[in-house]
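Q: What follows is upload.pdb, made up of PDB, C-alpha atoms, pLDDT in the B column:
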```pdb
ATOM      1  CA  ILE A  22      68.255 109.675  80.503  1.00 62.00           C
ATOM      2  CA  ALA A  23      71.121 111.987  79.546  1.00 63.00           C
ATOM      3  CA  GLY A  24      72.959 111.348  76.279  1.00 66.00           C
ATOM      4  CA  SER A  25      72.443 108.089  74.373  1.00 64.00           C
ATOM      5  CA  PRO A  26      73.280 105.068  76.566  1.00 61.00           C
ATOM      6  CA  LEU A  27      73.076 101.664  74.904  1.00 60.00           C
ATOM      7  CA  ALA A  28      69.904  99.661  75.486  1.00 55.00           C
ATOM      8  CA  ALA A  29      68.303 102.467  77.465  1.00 52.00           C
ATOM      9  CA  SER A  30      64.506 102.460  77.623  1.00 57.00           C
ATOM     10  CA  ARG A  31      61.798 103.676  79.976  1.00 74.00           C
ATOM     11  CA  GLU A  32      61.597 100.295  81.706  1.00 79.00           C
ATOM     12  CA  LEU A  33      64.134  97.592  82.519  1.00 80.00           C
ATOM     13  CA  TYR A  34      63.548  93.869  82.970  1.00 85.00           C
ATOM     14  CA  THR A  35      65.560  90.906  84.206  1.00 90.00           C
ATOM     15  CA  GLY A  36      68.470  90.165  81.876  1.00 92.00           C
ATOM     16  CA  GLN A  37      68.628  93.616  80.339  1.00 91.00           C
ATOM     17  CA  ALA A  38      71.706  95.827  80.623  1.00 93.00           C
ATOM     18  CA  ILE A  39      72.587  99.501  80.297  1.00 92.00           C
ATOM     19  CA  GLU A  40      75.943 100.761  79.091  1.00 93.00           C
ATOM     20  CA  THR A  41      76.758 104.466  79.271  1.00 93.00           C
ATOM     21  CA  ASP A  42      79.353 106.159  77.091  1.00 92.00           C
ATOM     22  CA  PRO A  43      81.566 109.098  78.191  1.00 92.00           C
ATOM     23  CA  HIS A  44      78.697 111.533  77.547  1.00 91.00           C
ATOM     24  CA  SER A  45      75.654 109.726  78.945  1.00 92.00           C
ATOM     25  CA  SER A  46      74.127 108.838  82.308  1.00 92.00           C
ATOM     26  CA  VAL A  47      70.937 107.128  83.466  1.00 92.00           C
ATOM     27  CA  THR A  48      68.793 107.417  86.578  1.00 93.00           C
ATOM     28  CA  LEU A  49      66.639 104.430  87.580  1.00 92.00           C
ATOM     29  CA  GLN A  50      63.700 105.063  89.890  1.00 91.00           C
ATOM     30  CA  SER A  51      61.308 102.760  91.690  1.00 88.00           C
ATOM     31  CA  GLU A  52      58.571 103.898  94.030  1.00 87.00           C
ATOM     32  CA  PHE A  53      59.147 100.854  96.251  1.00 88.00           C
ATOM     33  CA  VAL A  54      62.941 100.478  96.015  1.00 91.00           C
ATOM     34  CA  GLY A  55      64.718 103.799  95.592  1.00 93.00           C
ATOM     35  CA  GLU A  56      66.787 105.721  93.086  1.00 95.00           C
ATOM     36  CA  LEU A  57      70.036 104.801  91.370  1.00 95.00           C
ATOM     37  CA  THR A  58      72.168 106.911  89.021  1.00 96.00           C
ATOM     38  CA  LEU A  59      74.581 105.286  86.592  1.00 96.00           C
ATOM     39  CA  ASP A  60      77.550 107.526  85.757  1.00 97.00           C
ATOM     40  CA  PRO A  61      79.199 107.820  82.321  1.00 96.00           C
ATOM     41  CA  GLN A  62      81.334 104.881  81.148  1.00 95.00           C
ATOM     42  CA  SER A  63      79.485 102.317  83.250  1.00 97.00           C
ATOM     43  CA  ARG A  64      77.792  98.971  82.552  1.00 96.00           C
ATOM     44  CA  LEU A  65      74.912  97.678  84.674  1.00 96.00           C
ATOM     45  CA  ARG A  66      72.751  94.539  84.273  1.00 96.00           C
ATOM     46  CA  VAL A  67      69.465  93.559  85.913  1.00 94.00           C
ATOM     47  CA  ASP A  68      69.799  90.048  87.371  1.00 96.00           C
ATOM     48  CA  ALA A  69      66.554  89.955  89.376  1.00 93.00           C
ATOM     49  CA  ALA A  70      63.586  92.302  89.582  1.00 87.00           C
ATOM     50  CA  MET A  71      60.899  91.042  91.939  1.00 86.00           C
ATOM     51  CA  PRO A  72      58.960  92.832  94.685  1.00 79.00           C
ATOM     52  CA  GLU A  73      60.880  90.985  97.391  1.00 84.00           C
ATOM     53  CA  ARG A  74      64.290  91.031  95.674  1.00 89.00           C
ATOM     54  CA  GLN A  75      66.167  93.459  93.445  1.00 92.00           C
ATOM     55  CA  LEU A  76      69.611  92.316  92.263  1.00 96.00           C
ATOM     56  CA  LEU A  77      71.807  94.252  89.841  1.00 96.00           C
ATOM     57  CA  TYR A  78      75.290  93.568  88.513  1.00 97.00           C
ATOM     58  CA  LEU A  79      77.766  96.440  88.078  1.00 97.00           C
ATOM     59  CA  GLN A  80      80.454  95.199  85.725  1.00 97.00           C
ATOM     60  CA  GLN A  81      82.343  98.475  85.738  1.00 97.00           C
ATOM     61  CA  GLY A  82      81.824 102.165  86.372  1.00 98.00           C
ATOM     62  CA  THR A  83      80.040 104.067  89.148  1.00 98.00           C
ATOM     63  CA  ILE A  84      76.554 104.124  90.625  1.00 98.00           C
ATOM     64  CA  HIS A  85      74.988 106.354  93.277  1.00 98.00           C
ATOM     65  CA  ALA A  86      72.197 104.623  95.187  1.00 97.00           C
ATOM     66  CA  LEU A  87      69.549 106.002  97.525  1.00 97.00           C
ATOM     67  CA  ILE A  88      67.495 103.062  98.773  1.00 95.00           C
ATOM     68  CA  TRP A  89      64.339 103.111 100.889  1.00 93.00           C
ATOM     69  CA  ALA A  90      63.316  99.489 100.395  1.00 91.00           C
ATOM     70  CA  PRO A  91      63.398  97.267 103.523  1.00 91.00           C
ATOM     71  CA  PRO A  92      66.961  96.187 104.438  1.00 92.00           C
ATOM     72  CA  ALA A  93      68.556  93.387 102.363  1.00 92.00           C
ATOM     73  CA  ARG A  94      65.996  93.514  99.523  1.00 94.00           C
ATOM     74  CA  PHE A  95      68.293  95.497  97.219  1.00 95.00           C
ATOM     75  CA  ALA A  96      71.779  94.319  96.286  1.00 96.00           C
ATOM     76  CA  VAL A  97      74.399  95.026  93.647  1.00 97.00           C
ATOM     77  CA  ASP A  98      76.919  92.372  92.631  1.00 97.00           C
ATOM     78  CA  THR A  99      80.370  93.276  91.316  1.00 97.00           C
ATOM     79  CA  PRO A 100      83.214  91.024  90.122  1.00 96.00           C
ATOM     80  CA  SER A 101      84.626  90.920  93.673  1.00 95.00           C
ATOM     81  CA  ALA A 102      81.815  91.695  96.161  1.00 96.00           C
ATOM     82  CA  ARG A 103      78.079  91.864  96.738  1.00 97.00           C
ATOM     83  CA  THR A 104      76.838  95.198  98.075  1.00 97.00           C
ATOM     84  CA  THR A 105      73.719  94.646 100.177  1.00 96.00           C
ATOM     85  CA  ASP A 106      71.679  97.661 101.216  1.00 94.00           C
ATOM     86  CA  LEU A 107      70.791  97.903 104.900  1.00 93.00           C
ATOM     87  CA  GLY A 108      68.801 101.131 104.453  1.00 88.00           C
ATOM     88  CA  CYS A 109      71.236 103.633 103.042  1.00 90.00           C
ATOM     89  CA  ALA A 110      72.732 105.934 100.458  1.00 97.00           C
ATOM     90  CA  TYR A 111      76.047 104.953  98.925  1.00 98.00           C
ATOM     91  CA  THR A 112      78.400 105.251  95.959  1.00 98.00           C
ATOM     92  CA  LEU A 113      79.847 102.101  94.384  1.00 98.00           C
ATOM     93  CA  HIS A 114      82.710 102.162  91.893  1.00 98.00           C
ATOM     94  CA  VAL A 115      84.141  99.194  89.950  1.00 98.00           C
ATOM     95  CA  ASP A 116      87.439  99.350  88.052  1.00 97.00           C
ATOM     96  CA  PRO A 117      87.930  97.533  84.725  1.00 94.00           C
ATOM     97  CA  ASP A 118      90.046  94.926  86.569  1.00 94.00           C
ATOM     98  CA  GLY A 119      87.149  94.057  88.917  1.00 94.00           C
ATOM     99  CA  GLY A 120      88.399  95.890  91.991  1.00 95.00           C
ATOM    100  CA  GLY A 121      86.049  98.356  93.619  1.00 96.00           C
ATOM    101  CA  LEU A 122      85.216 100.803  96.381  1.00 97.00           C
ATOM    102  CA  VAL A 123      81.990 101.470  98.271  1.00 98.00           C
ATOM    103  CA  THR A 124      81.548 104.781 100.101  1.00 98.00           C
ATOM    104  CA  VAL A 125      78.516 105.141 102.365  1.00 98.00           C
ATOM    105  CA  GLN A 126      76.761 108.471 102.850  1.00 98.00           C
ATOM    106  CA  ALA A 127      73.878 107.293 105.074  1.00 97.00           C
ATOM    107  CA  GLY A 128      72.905 104.084 106.853  1.00 96.00           C
ATOM    108  CA  TRP A 129      74.867 100.845 106.454  1.00 96.00           C
ATOM    109  CA  VAL A 130      76.060  98.570 103.646  1.00 97.00           C
ATOM    110  CA  ALA A 131      77.075  94.916 103.900  1.00 96.00           C
ATOM    111  CA  PHE A 132      79.968  94.128 101.551  1.00 95.00           C
ATOM    112  CA  GLY A 133      80.420  90.362 101.150  1.00 94.00           C
ATOM    113  CA  TRP A 134      82.217  87.787  98.989  1.00 94.00           C
ATOM    114  CA  LYS A 135      82.966  84.057  99.472  1.00 91.00           C
ATOM    115  CA  GLY A 136      82.413  84.096 103.238  1.00 90.00           C
ATOM    116  CA  ILE A 137      84.226  87.400 103.810  1.00 92.00           C
ATOM    117  CA  GLU A 138      81.954  90.184 105.019  1.00 94.00           C
ATOM    118  CA  SER A 139      82.514  93.831 105.890  1.00 96.00           C
ATOM    119  CA  PHE A 140      79.910  96.145 107.404  1.00 97.00           C
ATOM    120  CA  VAL A 141      80.317  99.745 106.310  1.00 97.00           C
ATOM    121  CA  PRO A 142      78.499 102.608 108.101  1.00 97.00           C
ATOM    122  CA  ALA A 143      77.861 106.184 107.016  1.00 97.00           C
ATOM    123  CA  GLY A 144      81.080 108.169 106.670  1.00 98.00           C
ATOM    124  CA  ALA A 145      83.129 105.069 105.929  1.00 98.00           C
ATOM    125  CA  ALA A 146      84.439 103.228 102.879  1.00 98.00           C
ATOM    126  CA  CYS A 147      85.706  99.779 101.968  1.00 97.00           C
ATOM    127  CA  ALA A 148      87.741  98.546  99.006  1.00 96.00           C
ATOM    128  CA  THR A 149      87.488  95.146  97.356  1.00 96.00           C
ATOM    129  CA  SER A 150      89.661  93.159  94.955  1.00 94.00           C
ATOM    130  CA  PRO A 151      89.124  90.022  92.854  1.00 93.00           C
ATOM    131  CA  LYS A 152      91.902  88.186  94.703  1.00 90.00           C
ATOM    132  CA  ARG A 153      90.947  88.998  98.312  1.00 89.00           C
ATOM    133  CA  GLY A 154      87.367  90.221  98.280  1.00 93.00           C
ATOM    134  CA  PRO A 155      86.281  93.016 100.633  1.00 95.00           C
ATOM    135  CA  GLY A 156      89.007  94.655 102.682  1.00 94.00           C
ATOM    136  CA  VAL A 157      88.782  96.250 106.117  1.00 96.00           C
ATOM    137  CA  PRO A 158      86.372  99.210 106.252  1.00 97.00           C
ATOM    138  CA  TYR A 159      87.640 102.555 107.513  1.00 98.00           C
ATOM    139  CA  PHE A 160      86.243 105.989 108.272  1.00 98.00           C
ATOM    140  CA  LEU A 161      87.069 108.600 105.664  1.00 97.00           C
ATOM    141  CA  ASP A 162      88.622 110.914 108.248  1.00 97.00           C
ATOM    142  CA  ALA A 163      91.136 108.278 109.426  1.00 97.00           C
ATOM    143  CA  SER A 164      94.781 109.276 109.082  1.00 95.00           C
ATOM    144  CA  PRO A 165      96.521 108.550 105.760  1.00 95.00           C
ATOM    145  CA  GLN A 166      99.006 106.328 107.611  1.00 95.00           C
ATOM    146  CA  PHE A 167      96.176 104.293 109.138  1.00 96.00           C
ATOM    147  CA  ARG A 168      94.424 103.829 105.799  1.00 95.00           C
ATOM    148  CA  TYR A 169      97.642 102.896 103.989  1.00 95.00           C
ATOM    149  CA  ALA A 170      98.529 100.333 106.659  1.00 94.00           C
ATOM    150  CA  LEU A 171      95.035  98.789 106.461  1.00 93.00           C
ATOM    151  CA  ALA A 172      95.473  98.295 102.724  1.00 90.00           C
ATOM    152  CA  ARG A 173      98.735  96.450 103.441  1.00 89.00           C
ATOM    153  CA  VAL A 174      97.658  94.539 106.553  1.00 86.00           C
ATOM    154  CA  GLY A 175      99.669  91.346 106.858  1.00 81.00           C
ATOM    155  CA  GLN A 176     102.873  93.038 105.722  1.00 87.00           C
ATOM    156  CA  PRO A 177     105.625  93.399 108.366  1.00 87.00           C
ATOM    157  CA  GLY A 178     105.157  96.422 110.610  1.00 91.00           C
ATOM    158  CA  GLU A 179     101.760  97.502 109.261  1.00 93.00           C
ATOM    159  CA  LEU A 180      99.796  96.198 112.255  1.00 95.00           C
ATOM    160  CA  ASP A 181     101.978  98.313 114.559  1.00 95.00           C
ATOM    161  CA  VAL A 182     100.983 101.403 112.577  1.00 96.00           C
ATOM    162  CA  ILE A 183      97.297 100.464 112.662  1.00 97.00           C
ATOM    163  CA  LEU A 184      97.257  99.957 116.426  1.00 97.00           C
ATOM    164  CA  ALA A 185      99.223 103.141 117.097  1.00 96.00           C
ATOM    165  CA  GLN A 186      97.093 105.322 114.805  1.00 96.00           C
ATOM    166  CA  ALA A 187      93.672 103.946 115.795  1.00 97.00           C
ATOM    167  CA  ARG A 188      91.193 106.348 117.398  1.00 96.00           C
ATOM    168  CA  ALA A 189      87.996 105.357 119.231  1.00 96.00           C
ATOM    169  CA  ARG A 190      85.922 105.442 116.020  1.00 96.00           C
ATOM    170  CA  ASP A 191      88.570 103.311 114.291  1.00 97.00           C
ATOM    171  CA  ALA A 192      87.406 100.455 116.497  1.00 97.00           C
ATOM    172  CA  LEU A 193      85.237  99.690 113.458  1.00 97.00           C
ATOM    173  CA  SER A 194      88.373  98.656 111.579  1.00 98.00           C
ATOM    174  CA  LEU A 195      89.876  96.792 114.538  1.00 97.00           C
ATOM    175  CA  TRP A 196      86.661  94.790 114.994  1.00 96.00           C
ATOM    176  CA  HIS A 197      86.973  93.560 111.400  1.00 96.00           C
ATOM    177  CA  LEU A 198      90.662  92.821 111.943  1.00 95.00           C
ATOM    178  CA  LEU A 199      89.866  90.420 114.798  1.00 93.00           C
ATOM    179  CA  LYS A 200      89.062  87.721 112.209  1.00 90.00           C
ATOM    180  CA  ARG A 201      91.552  88.772 109.535  1.00 90.00           C
ATOM    181  CA  ALA A 202      94.761  89.367 111.441  1.00 89.00           C
ATOM    182  CA  PRO A 203      97.105  86.384 111.850  1.00 88.00           C
ATOM    183  CA  PRO A 204      96.031  84.346 114.916  1.00 92.00           C
ATOM    184  CA  ALA A 205      99.190  85.293 116.795  1.00 93.00           C
ATOM    185  CA  ASP A 206      98.311  88.996 116.472  1.00 94.00           C
ATOM    186  CA  ARG A 207      94.634  88.889 117.367  1.00 95.00           C
ATOM    187  CA  GLY A 208      95.297  89.330 121.086  1.00 96.00           C
ATOM    188  CA  ARG A 209      97.072  92.630 120.376  1.00 96.00           C
ATOM    189  CA  VAL A 210      94.180  93.782 118.192  1.00 96.00           C
ATOM    190  CA  PHE A 211      91.640  92.934 120.898  1.00 96.00           C
ATOM    191  CA  ASP A 212      93.650  94.643 123.631  1.00 96.00           C
ATOM    192  CA  ARG A 213      93.783  97.882 121.622  1.00 97.00           C
ATOM    193  CA  PHE A 214      90.099  97.518 120.729  1.00 96.00           C
ATOM    194  CA  ALA A 215      89.217  97.137 124.417  1.00 96.00           C
ATOM    195  CA  ARG A 216      91.197 100.262 125.321  1.00 95.00           C
ATOM    196  CA  LEU A 217      89.404 102.350 122.705  1.00 95.00           C
ATOM    197  CA  ILE A 218      85.809 101.372 123.520  1.00 92.00           C
ATOM    198  CA  ARG A 219      83.918  99.755 126.372  1.00 88.00           C
ATOM    199  CA  VAL A 220      83.700  96.031 125.683  1.00 85.00           C
ATOM    200  CA  PRO A 221      80.430  94.425 126.918  1.00 81.00           C
TER     201      PRO A 221
END
```
Please lay out the structure from this file as structure tokens.
A:
Amino acid sequence: IAGSPLAASRELYTGQAIETDPHSSVTLQSEFVGELTLDPQSRLRVDAAMPERQLLYLQQGTIHALIWAPPARFAVDTPSARTTDLGCAYTLHVDPDGGGLVTVQAGWVAFGWKGIESFVPAGAACATSPKRGPGVPYFLDASPQFRYALARVGQPGELDVILAQARARDALSLWHLLKRAPPADRGRVFDRFARLIRVP
């Protein structure tokens, strides 16, 4: 524990919460789950703490998670997405308005909300919003034009930019677009996808 976070103790139980001020941070450790650091100005609640299931709720702020529990046993809810660990290290940020961003450093994360699901691998990120849920994941080295167009997918002309800017590794984004693009455009998305990678 650094500083004086509210409700901080040496152990946490279901229903308890931690709130950090601008000068405090907290690191949670579990031999069987992993390690999680809560940055300053964050609020985190424990919703479930059982050997087979660990569920936290990040209302706002930033956490850094390194998880070695079996896949899908550790998850973090936010106002607009559930972040499910698939064996990974990641950073999750939640804005005061409920929007958020997950950035994955190792492994994979499943980012889901109301039937919408995004799978985010190492080196990639995915934004979420209370109105739309998880967006389309993208690799961090994608071009600025590609990333901007993904954030505005559905607007006139943005799909043209996405398809033109996509590299082979951006097939990750195109695969997610196959369900989210308007039905009339999905053929174009698949054709570009099939030119970038070998389709089974």
Q: Under the PyMOL selection byres ((chain A and resi 87) around 7), which residues of this model are included? Write them out as a list in words.
A: Gly55, Glu56, Leu57, His85, Ala86, Ile88, Trp89, Cys109, Ala110 and Tyr111 of chain A
Q: For the selection just defined, write its residues with C-alpha atoms to a file, as a PDB file, keeping the file's coordinate frame.
A:
```pdb
ATOM      1  CA  GLY A  55      64.718 103.799  95.592  1.00 93.00           C
ATOM      2  CA  GLU A  56      66.787 105.721  93.086  1.00 95.00           C
ATOM      3  CA  LEU A  57      70.036 104.801  91.370  1.00 95.00           C
ATOM      4  CA  HIS A  85      74.988 106.354  93.277  1.00 98.00           C
ATOM      5  CA  ALA A  86      72.197 104.623  95.187  1.00 97.00           C
ATOM      6  CA  ILE A  88      67.495 103.062  98.773  1.00 95.00           C
ATOM      7  CA  TRP A  89      64.339 103.111 100.889  1.00 93.00           C
ATOM      8  CA  CYS A 109      71.236 103.633 103.042  1.00 90.00           C
ATOM      9  CA  ALA A 110      72.732 105.934 100.458  1.00 97.00           C
ATOM     10  CA  TYR A 111      76.047 104.953  98.925  1.00 98.00           C
TER      11      TYR A 111
END
```
Q: Which centre and edge lengths in Å to one decimal define the box along x, y and z that fits every listed atom of stretch 84-100 of chain A plus 3 Å per side, as JSON?
A:
```
{"center_x": 73.3, "center_y": 98.7, "center_z": 97.3, "size_x": 25.9, "size_y": 21.3, "size_z": 20.3}
```
Q: Residue by residue, what does the PyMOL selection byres ((chain A and resi 40-53) around 12) grab here? Present the result as number ranges by chain.
A: A: 22-34, 37-39, 54-67, 70-75, 77-91, 94-95
Q: Let me know the residues the PyMOL selection byres ((chain A and resi 185) around 12) catches in the file above, as a tab-separated table (two decimals) with C-alpha atoms, in the coordinates of the input.
A:
```tsv
chain	number	residue	atom	x	y	z
A	164	SER	CA	94.78	109.28	109.08
A	166	GLN	CA	99.01	106.33	107.61
A	167	PHE	CA	96.18	104.29	109.14
A	170	ALA	CA	98.53	100.33	106.66
A	178	GLY	CA	105.16	96.42	110.61
A	179	GLU	CA	101.76	97.50	109.26
A	180	LEU	CA	99.80	96.20	112.26
A	181	ASP	CA	101.98	98.31	114.56
A	182	VAL	CA	100.98	101.40	112.58
A	183	ILE	CA	97.30	100.46	112.66
A	184	LEU	CA	97.26	99.96	116.43
A	186	GLN	CA	97.09	105.32	114.80
A	187	ALA	CA	93.67	103.95	115.80
A	188	ARG	CA	91.19	106.35	117.40
A	189	ALA	CA	88.00	105.36	119.23
A	191	ASP	CA	88.57	103.31	114.29
A	195	LEU	CA	89.88	96.79	114.54
A	209	ARG	CA	97.07	92.63	120.38
A	210	VAL	CA	94.18	93.78	118.19
A	213	ARG	CA	93.78	97.88	121.62
A	214	PHE	CA	90.10	97.52	120.73
A	216	ARG	CA	91.20	100.26	125.32
A	217	LEU	CA	89.40	102.35	122.70
```
Q: One decimal, in Å: what's the spacing between atom CA of A:Val123 and atom CA of A:Ala146?
A: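 Calculated distance between atom CA of A:Val123 and atom CA of A:Ala146 is 5.5 Å.
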Q: My list of candidates is A:Pro221, A:Gly133, A:Pro117, A:Gly175. Which is closest to A:Pro203 when distances are computed with all atoms listed in the file?
A: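 Going through A:Pro221, A:Gly133, A:Pro117, A:Gly175 one by one, the smallest distance to A:Pro203 is for A:Gly175.
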Q: Considering only C-alpha atoms, can you say which of A:Val174, A:Pro204, A:Phe211, A:Ile218 comes closest to A:Arg190?
A: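 Smallest separation from A:Arg190 among the options: A:Ile218.
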Q: Atom CA of A:Asp106 to atom CA of A:Val130: how many Å, to one decimal?
A: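 Interatomic distance, atom CA of A:Asp106 to atom CA of A:Val130: 5.1 Å.
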Q: Ranking A:Arg201, A:Arg168, A:Lys135, A:Lys152 by minimum distance to A:Gly119 and counting all atoms listed in the file, which one comes first?
A: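 Going through A:Arg201, A:Arg168, A:Lys135, A:Lys152 one by one, the smallest distance to A:Gly119 is for A:Lys152.
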Q: Between atom CA of A:Thr112 and atom CA of A:Val125, what is the distance, to one decimal in Å?
A: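 Here the two named atoms are 6.4 Å from each other.
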Q: Of the residues A:Ala93, A:Ala69, A:Gln126, A:Ala172, which is the one nearest to A:Leu198, using all atoms listed in the file?
A: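 For A:Leu198, the nearest of the candidates is A:Ala172.
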Q: Show me, as a PyMOL selection string, the residues that have an atom within 9 Å of A:Val141 when counting all atoms listed in the file, minus same-chain residues fewer than 2 positions from it.
A: chain A and resi 123-125+128-132+139+143-147+158-160+193
Q: Please tell me which residues are no farther than 8 Å from (78.1, 95.3, 93.0) in the file, counting all atoms listed in the file, and write them as a list in words.
A: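 Looking at atoms near the point gives Leu77, Tyr78, Leu79, Gln80, Ala96, Val97, Asp98, Thr99, Pro100, Ser101, Ala102, Arg103, Thr104, Leu113 and Val115 of chain A.
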Q: Using all atoms listed in the file, which residue out of A:Ile137, A:Ala127, A:Val220, A:Ala202 lies closest to A:Leu107?
A: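 For A:Leu107, the nearest of the given residues is A:Ala127.
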Q: Please, could N, CA, C and O atoms be added to stretch 159-172 of chain A and the result written as a JSON list (two decimals), in the coordinates of the input?
A:
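File produced: result-v8.json:
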```json
[["chain", "number", "residue", "atom", "x", "y", "z"],
["A", 159, "TYR", "N", 86.99, 101.48, 106.75],
["A", 159, "TYR", "CA", 87.64, 102.56, 107.51],
["A", 159, "TYR", "C", 86.81, 103.83, 107.36],
["A", 159, "TYR", "O", 86.11, 104.02, 106.37],
["A", 160, "PHE", "N", 86.90, 104.69, 108.37],
["A", 160, "PHE", "CA", 86.24, 105.99, 108.27],
["A", 160, "PHE", "C", 87.08, 106.91, 107.40],
["A", 160, "PHE", "O", 88.32, 106.86, 107.41],
["A", 161, "LEU", "N", 86.39, 107.75, 106.64],
["A", 161, "LEU", "CA", 87.07, 108.60, 105.66],
["A", 161, "LEU", "C", 87.98, 109.63, 106.31],
["A", 161, "LEU", "O", 88.90, 110.14, 105.66],
["A", 162, "ASP", "N", 87.76, 109.94, 107.58],
["A", 162, "ASP", "CA", 88.62, 110.91, 108.25],
["A", 162, "ASP", "C", 89.79, 110.26, 109.00],
["A", 162, "ASP", "O", 90.51, 110.93, 109.74],
["A", 163, "ALA", "N", 89.98, 108.95, 108.82],
["A", 163, "ALA", "CA", 91.14, 108.28, 109.43],
["A", 163, "ALA", "C", 92.43, 108.83, 108.82],
["A", 163, "ALA", "O", 92.43, 109.34, 107.70],
["A", 164, "SER", "N", 93.51, 108.73, 109.56],
["A", 164, "SER", "CA", 94.78, 109.28, 109.08],
["A", 164, "SER", "C", 95.25, 108.53, 107.84],
["A", 164, "SER", "O", 94.96, 107.35, 107.66],
["A", 165, "PRO", "N", 95.98, 109.21, 106.95],
["A", 165, "PRO", "CA", 96.52, 108.55, 105.76],
["A", 165, "PRO", "C", 97.39, 107.35, 106.11],
["A", 165, "PRO", "O", 97.36, 106.33, 105.41],
["A", 166, "GLN", "N", 98.15, 107.45, 107.21],
["A", 166, "GLN", "CA", 99.01, 106.33, 107.61],
["A", 166, "GLN", "C", 98.17, 105.11, 108.00],
["A", 166, "GLN", "O", 98.51, 103.97, 107.68],
["A", 167, "PHE", "N", 97.06, 105.37, 108.71],
["A", 167, "PHE", "CA", 96.18, 104.29, 109.14],
["A", 167, "PHE", "C", 95.56, 103.60, 107.92],
["A", 167, "PHE", "O", 95.56, 102.38, 107.81],
["A", 168, "ARG", "N", 95.07, 104.39, 106.98],
["A", 168, "ARG", "CA", 94.42, 103.83, 105.80],
["A", 168, "ARG", "C", 95.42, 103.06, 104.93],
["A", 168, "ARG", "O", 95.09, 101.99, 104.39],
["A", 169, "TYR", "N", 96.62, 103.58, 104.79],
["A", 169, "TYR", "CA", 97.64, 102.90, 103.99],
["A", 169, "TYR", "C", 98.02, 101.56, 104.63],
["A", 169, "TYR", "O", 98.15, 100.55, 103.94],
["A", 170, "ALA", "N", 98.16, 101.57, 105.96],
["A", 170, "ALA", "CA", 98.53, 100.33, 106.66],
["A", 170, "ALA", "C", 97.41, 99.29, 106.55],
["A", 170, "ALA", "O", 97.68, 98.10, 106.41],
["A", 171, "LEU", "N", 96.15, 99.73, 106.61],
["A", 171, "LEU", "CA", 95.04, 98.79, 106.46],
["A", 171, "LEU", "C", 95.06, 98.10, 105.10],
["A", 171, "LEU", "O", 94.77, 96.91, 104.99],
["A", 172, "ALA", "N", 95.42, 98.86, 104.07],
["A", 172, "ALA", "CA", 95.47, 98.30, 102.72],
["A", 172, "ALA", "C", 96.60, 97.28, 102.60],
["A", 172, "ALA", "O", 96.57, 96.43, 101.70]]
```
